[in-house]
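Below is work_27.txt, holding compact mmCIF, N, CA and C atoms.
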# COMPACT_ATOMS: atom_id res chain seq x y z
N MET I 11 -5.74 -28.59 -5.95
CA MET I 11 -5.58 -27.30 -5.31
C MET I 11 -6.56 -26.31 -5.90
N ILE I 12 -7.20 -25.53 -5.04
CA ILE I 12 -8.12 -24.50 -5.51
C ILE I 12 -7.41 -23.15 -5.51
N ALA I 13 -7.96 -22.18 -6.26
CA ALA I 13 -7.33 -20.86 -6.35
C ALA I 13 -7.21 -20.21 -4.98
N GLY I 14 -6.04 -19.70 -4.67
CA GLY I 14 -5.82 -19.02 -3.41
C GLY I 14 -5.63 -19.96 -2.23
N ALA I 15 -5.38 -21.24 -2.50
CA ALA I 15 -5.27 -22.23 -1.41
C ALA I 15 -3.81 -22.54 -1.11
N TYR I 16 -3.62 -23.25 -0.01
CA TYR I 16 -2.28 -23.65 0.40
C TYR I 16 -1.79 -24.78 -0.50
N ASP I 17 -0.57 -24.63 -1.01
CA ASP I 17 0.04 -25.65 -1.86
C ASP I 17 1.04 -26.43 -1.02
N TRP I 18 0.73 -27.69 -0.71
CA TRP I 18 1.58 -28.50 0.16
C TRP I 18 2.90 -28.85 -0.52
N THR I 19 2.92 -28.94 -1.85
CA THR I 19 4.15 -29.28 -2.57
C THR I 19 5.19 -28.18 -2.41
N ASP I 20 4.79 -26.92 -2.61
CA ASP I 20 5.72 -25.79 -2.49
C ASP I 20 5.74 -25.19 -1.10
N ASP I 21 4.87 -25.70 -0.20
CA ASP I 21 4.80 -25.21 1.17
C ASP I 21 4.56 -23.69 1.23
N MET I 22 3.55 -23.25 0.48
CA MET I 22 3.21 -21.82 0.47
C MET I 22 1.77 -21.60 0.06
N LEU I 23 1.26 -20.44 0.41
CA LEU I 23 -0.07 -20.03 -0.01
C LEU I 23 0.06 -19.38 -1.37
N LYS I 24 -0.60 -19.93 -2.37
CA LYS I 24 -0.48 -19.41 -3.73
C LYS I 24 -1.72 -18.61 -4.10
N VAL I 25 -1.47 -17.48 -4.72
CA VAL I 25 -2.55 -16.65 -5.23
C VAL I 25 -2.64 -16.91 -6.72
N LYS I 26 -3.73 -17.52 -7.14
CA LYS I 26 -3.85 -17.93 -8.54
C LYS I 26 -4.63 -16.94 -9.39
N SER I 27 -5.36 -16.02 -8.80
CA SER I 27 -6.14 -15.09 -9.61
C SER I 27 -6.09 -13.70 -8.99
N MET I 28 -6.30 -12.72 -9.83
CA MET I 28 -6.34 -11.33 -9.37
C MET I 28 -7.79 -10.87 -9.49
N GLN I 29 -8.47 -10.73 -8.37
CA GLN I 29 -9.85 -10.29 -8.40
C GLN I 29 -9.95 -8.79 -8.61
N LYS I 30 -9.00 -8.04 -8.06
CA LYS I 30 -9.05 -6.60 -8.14
C LYS I 30 -7.62 -6.07 -8.23
N LYS I 31 -7.37 -5.18 -9.19
CA LYS I 31 -6.06 -4.57 -9.31
C LYS I 31 -6.14 -3.12 -8.84
N PHE I 32 -5.11 -2.69 -8.14
CA PHE I 32 -5.07 -1.34 -7.58
C PHE I 32 -3.68 -0.78 -7.79
N ARG I 33 -3.62 0.41 -8.31
CA ARG I 33 -2.34 1.08 -8.49
C ARG I 33 -2.59 2.58 -8.40
N ASP I 34 -1.66 3.26 -7.78
CA ASP I 34 -1.74 4.72 -7.72
C ASP I 34 -0.37 5.28 -8.07
N SER I 35 -0.33 6.07 -9.11
CA SER I 35 0.94 6.66 -9.56
C SER I 35 1.20 8.01 -8.91
N PHE I 36 0.30 8.47 -8.05
CA PHE I 36 0.44 9.74 -7.34
C PHE I 36 0.72 10.89 -8.30
N ASN I 37 -0.12 10.99 -9.33
CA ASN I 37 -0.01 12.10 -10.28
C ASN I 37 -0.48 13.38 -9.63
N GLY I 38 0.04 14.50 -10.08
CA GLY I 38 -0.38 15.80 -9.56
C GLY I 38 0.48 16.24 -8.40
N THR I 39 -0.09 17.14 -7.59
CA THR I 39 0.67 17.70 -6.46
C THR I 39 0.06 17.38 -5.11
N GLU I 40 -1.06 16.65 -5.09
CA GLU I 40 -1.73 16.28 -3.85
C GLU I 40 -2.10 14.80 -3.88
N ILE I 41 -2.15 14.18 -2.71
CA ILE I 41 -2.65 12.82 -2.61
C ILE I 41 -4.17 12.88 -2.74
N ASN I 42 -4.72 12.03 -3.60
CA ASN I 42 -6.15 12.02 -3.88
C ASN I 42 -6.93 11.57 -2.64
N PRO I 43 -7.71 12.48 -2.01
CA PRO I 43 -8.44 12.11 -0.79
C PRO I 43 -9.57 11.11 -1.04
N ALA I 44 -10.00 10.94 -2.29
CA ALA I 44 -11.01 9.93 -2.60
C ALA I 44 -10.42 8.52 -2.57
N ARG I 45 -9.09 8.41 -2.73
CA ARG I 45 -8.43 7.10 -2.75
C ARG I 45 -7.67 6.81 -1.47
N TRP I 46 -7.26 7.85 -0.72
CA TRP I 46 -6.40 7.67 0.45
C TRP I 46 -6.90 8.47 1.64
N GLU I 47 -6.81 7.89 2.81
CA GLU I 47 -7.03 8.59 4.06
C GLU I 47 -5.65 8.87 4.65
N ILE I 48 -5.39 10.12 5.01
CA ILE I 48 -4.08 10.51 5.52
C ILE I 48 -4.23 10.87 6.99
N ALA I 49 -3.40 10.27 7.82
CA ALA I 49 -3.39 10.56 9.25
C ALA I 49 -1.95 10.86 9.66
N ALA I 50 -1.74 12.01 10.28
CA ALA I 50 -0.40 12.39 10.75
C ALA I 50 -0.43 12.57 12.25
N THR I 51 0.61 12.07 12.91
CA THR I 51 0.77 12.23 14.35
C THR I 51 2.07 12.99 14.58
N GLY I 52 1.99 14.05 15.33
CA GLY I 52 3.18 14.86 15.59
C GLY I 52 3.24 16.06 14.66
N GLY I 53 4.03 17.03 15.03
CA GLY I 53 4.09 18.26 14.26
C GLY I 53 5.27 18.37 13.32
N GLY I 54 6.21 17.43 13.40
CA GLY I 54 7.42 17.56 12.60
C GLY I 54 7.42 16.78 11.30
N ILE I 55 6.31 16.13 10.97
CA ILE I 55 6.28 15.29 9.77
C ILE I 55 5.45 15.97 8.68
N THR I 56 5.97 15.95 7.47
CA THR I 56 5.27 16.54 6.32
C THR I 56 5.39 15.59 5.13
N HIS I 57 4.52 15.79 4.15
CA HIS I 57 4.62 15.02 2.91
C HIS I 57 4.37 15.93 1.72
N THR I 58 5.01 15.60 0.60
CA THR I 58 4.81 16.31 -0.65
C THR I 58 4.64 15.28 -1.77
N VAL I 59 3.94 15.69 -2.82
CA VAL I 59 3.74 14.83 -3.97
C VAL I 59 4.28 15.55 -5.20
N ALA I 60 5.18 14.89 -5.92
CA ALA I 60 5.73 15.46 -7.15
C ALA I 60 6.31 14.34 -8.00
N ASP I 61 6.15 14.45 -9.30
CA ASP I 61 6.73 13.50 -10.26
C ASP I 61 6.37 12.05 -9.96
N GLY I 62 5.15 11.81 -9.50
CA GLY I 62 4.69 10.44 -9.26
C GLY I 62 5.21 9.81 -7.99
N ALA I 63 5.74 10.61 -7.08
CA ALA I 63 6.28 10.05 -5.83
C ALA I 63 5.79 10.86 -4.64
N VAL I 64 5.56 10.17 -3.54
CA VAL I 64 5.22 10.82 -2.27
C VAL I 64 6.51 10.86 -1.46
N THR I 65 6.91 12.06 -1.06
CA THR I 65 8.11 12.23 -0.24
C THR I 65 7.69 12.60 1.16
N ILE I 66 8.15 11.82 2.14
CA ILE I 66 7.81 12.05 3.54
C ILE I 66 9.04 12.57 4.25
N SER I 67 8.90 13.73 4.88
CA SER I 67 9.99 14.32 5.65
C SER I 67 9.65 14.21 7.12
N THR I 68 10.49 13.52 7.87
CA THR I 68 10.18 13.24 9.27
C THR I 68 10.68 14.30 10.23
N GLY I 69 11.65 15.09 9.85
CA GLY I 69 12.18 16.07 10.79
C GLY I 69 12.94 15.39 11.91
N THR I 70 12.98 16.03 13.08
CA THR I 70 13.75 15.48 14.20
C THR I 70 12.90 15.16 15.42
N THR I 71 11.58 15.27 15.30
CA THR I 71 10.69 15.00 16.42
C THR I 71 10.48 13.49 16.57
N LEU I 72 10.65 12.97 17.78
CA LEU I 72 10.44 11.55 18.02
C LEU I 72 8.97 11.18 17.93
N ASP I 73 8.71 9.97 17.50
CA ASP I 73 7.37 9.37 17.45
C ASP I 73 6.40 10.04 16.50
N ASP I 74 6.90 10.81 15.51
CA ASP I 74 6.02 11.32 14.46
C ASP I 74 5.63 10.17 13.55
N GLU I 75 4.43 10.22 13.02
CA GLU I 75 3.95 9.13 12.19
C GLU I 75 3.02 9.66 11.12
N LEU I 76 3.17 9.15 9.89
CA LEU I 76 2.27 9.47 8.79
C LEU I 76 1.72 8.15 8.27
N THR I 77 0.40 8.03 8.23
CA THR I 77 -0.24 6.80 7.77
C THR I 77 -1.09 7.11 6.55
N LEU I 78 -0.84 6.39 5.46
CA LEU I 78 -1.68 6.46 4.26
C LEU I 78 -2.48 5.18 4.21
N THR I 79 -3.80 5.28 4.33
CA THR I 79 -4.68 4.11 4.32
C THR I 79 -5.52 4.15 3.06
N SER I 80 -5.46 3.08 2.28
CA SER I 80 -6.25 3.00 1.06
C SER I 80 -7.73 2.91 1.41
N ARG I 81 -8.55 3.64 0.69
CA ARG I 81 -10.00 3.55 0.88
C ARG I 81 -10.58 2.36 0.13
N THR I 82 -9.79 1.73 -0.73
CA THR I 82 -10.20 0.54 -1.45
C THR I 82 -10.02 -0.68 -0.55
N THR I 83 -10.99 -1.58 -0.54
CA THR I 83 -10.88 -2.78 0.28
C THR I 83 -10.45 -3.97 -0.58
N PHE I 84 -9.81 -4.94 0.05
CA PHE I 84 -9.30 -6.12 -0.63
C PHE I 84 -9.66 -7.36 0.18
N THR I 85 -9.65 -8.50 -0.49
CA THR I 85 -9.89 -9.77 0.20
C THR I 85 -8.56 -10.52 0.34
N ILE I 86 -8.48 -11.37 1.34
CA ILE I 86 -7.29 -12.14 1.61
C ILE I 86 -7.41 -13.47 0.89
N PRO I 87 -6.40 -14.04 0.29
CA PRO I 87 -5.02 -13.54 0.22
C PRO I 87 -4.87 -12.44 -0.82
N LEU I 88 -3.82 -11.64 -0.70
CA LEU I 88 -3.55 -10.60 -1.66
C LEU I 88 -2.06 -10.43 -1.85
N ARG I 89 -1.68 -9.81 -2.95
CA ARG I 89 -0.29 -9.50 -3.23
C ARG I 89 -0.10 -7.99 -3.11
N VAL I 90 0.99 -7.59 -2.49
CA VAL I 90 1.29 -6.18 -2.32
C VAL I 90 2.72 -5.92 -2.74
N MET I 91 2.92 -4.84 -3.50
CA MET I 91 4.26 -4.43 -3.87
C MET I 91 4.37 -2.93 -3.62
N VAL I 92 5.40 -2.54 -2.89
CA VAL I 92 5.63 -1.14 -2.55
C VAL I 92 7.09 -0.84 -2.80
N ALA I 93 7.37 0.32 -3.40
CA ALA I 93 8.75 0.75 -3.60
C ALA I 93 9.06 1.81 -2.56
N VAL I 94 10.12 1.58 -1.78
CA VAL I 94 10.54 2.51 -0.73
C VAL I 94 11.99 2.88 -0.96
N ASN I 95 12.27 4.16 -0.99
CA ASN I 95 13.65 4.66 -1.08
C ASN I 95 13.97 5.42 0.17
N MET I 96 15.12 5.14 0.78
CA MET I 96 15.50 5.84 2.00
C MET I 96 16.80 6.56 1.79
Could you rewrite the structure in this file as structure tokens?
Amino acid sequence: MIAGAYDWTDDMLKVKSMQKKFRDSFNGTEINPARWEIAATGGGITHTVADGAVTISTGTTLDDELTLTSRTTFTIPLRVMVAVNM
């Protein structure tokens, strides 16, 4: 088996190496525009940054959307971990 290849024994795609590590602790009071592209759809959605967390308030308007897109690129396969509190 080669790094990042399908493992027939475990029936899964295994990631054996980390080529690039990315983490953002969202320090400060603003999302860093050099690291993230922010796109909002609708007028009822807002976001705030405090204590290392991004808080998204959706309001009551239907179909509002906030998209945070990383400006950093990655190759496939990759591992992603996100913490979401609702």
Exercise. Extract the full set of strand (DSSP E or B) residues from chain I according to DSSP on the backbone, and format it as number ranges by chain.
Key: I: 16-17, 22-23, 46-51, 56-60, 63-67, 75-80
Exercise. Work out how far apart atom CA of I:Ile86 and atom CA of I:Arg33 are and give it in Å to one decimal.
Key: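 These two atoms are separated by 17.4 Å.
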Practice problem: Enter the distance from atom CA of I:Pro87 to atom N of I:Glu47, in Å, rounded to one decimal. | Solution: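 Value for the atom CA of I:Pro87-atom N of I:Glu47 distance: 21.7 Å.
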Exercise. Would you kindly return, as a list in words, each protein, DNA or RNA residue with an atom no farther than 6 Å from any atom of stretch 65-79 of chain I, considering all atoms listed in the file and excluding same-chain residues fewer than 3 positions away?
Key: Arg45, Trp46, Glu47, Ile48, Ala49, Ala50, Thr51, Gly52, Gly54, Ile55, Thr56, His57, Thr58, Val59 and Ala60 of chain I
Quiz item: Between atom CA of I:Met96 and atom C of I:Gly62, what is the distance, to one decimal in Å?
Solution: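 Here the two named atoms are 14.9 Å from each other.
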Quiz item: Using only C-alpha atoms, which of I:Lys31, I:Trp18, I:Asn37, I:Val64 sits nearest I:Leu88?
Solution: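 The answer is I:Lys31, which sits nearest to I:Leu88.
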Exercise. Give the answer as one residue: which of I:Asp61, I:Asn95, I:Val90, I:Thr83 has the shortest atom-to-atom distance to I:Ser35, using all atoms listed in the file?
Key: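 When distances to I:Ser35 are compared using all atoms listed in the file, the smallest one comes from I:Asp61.
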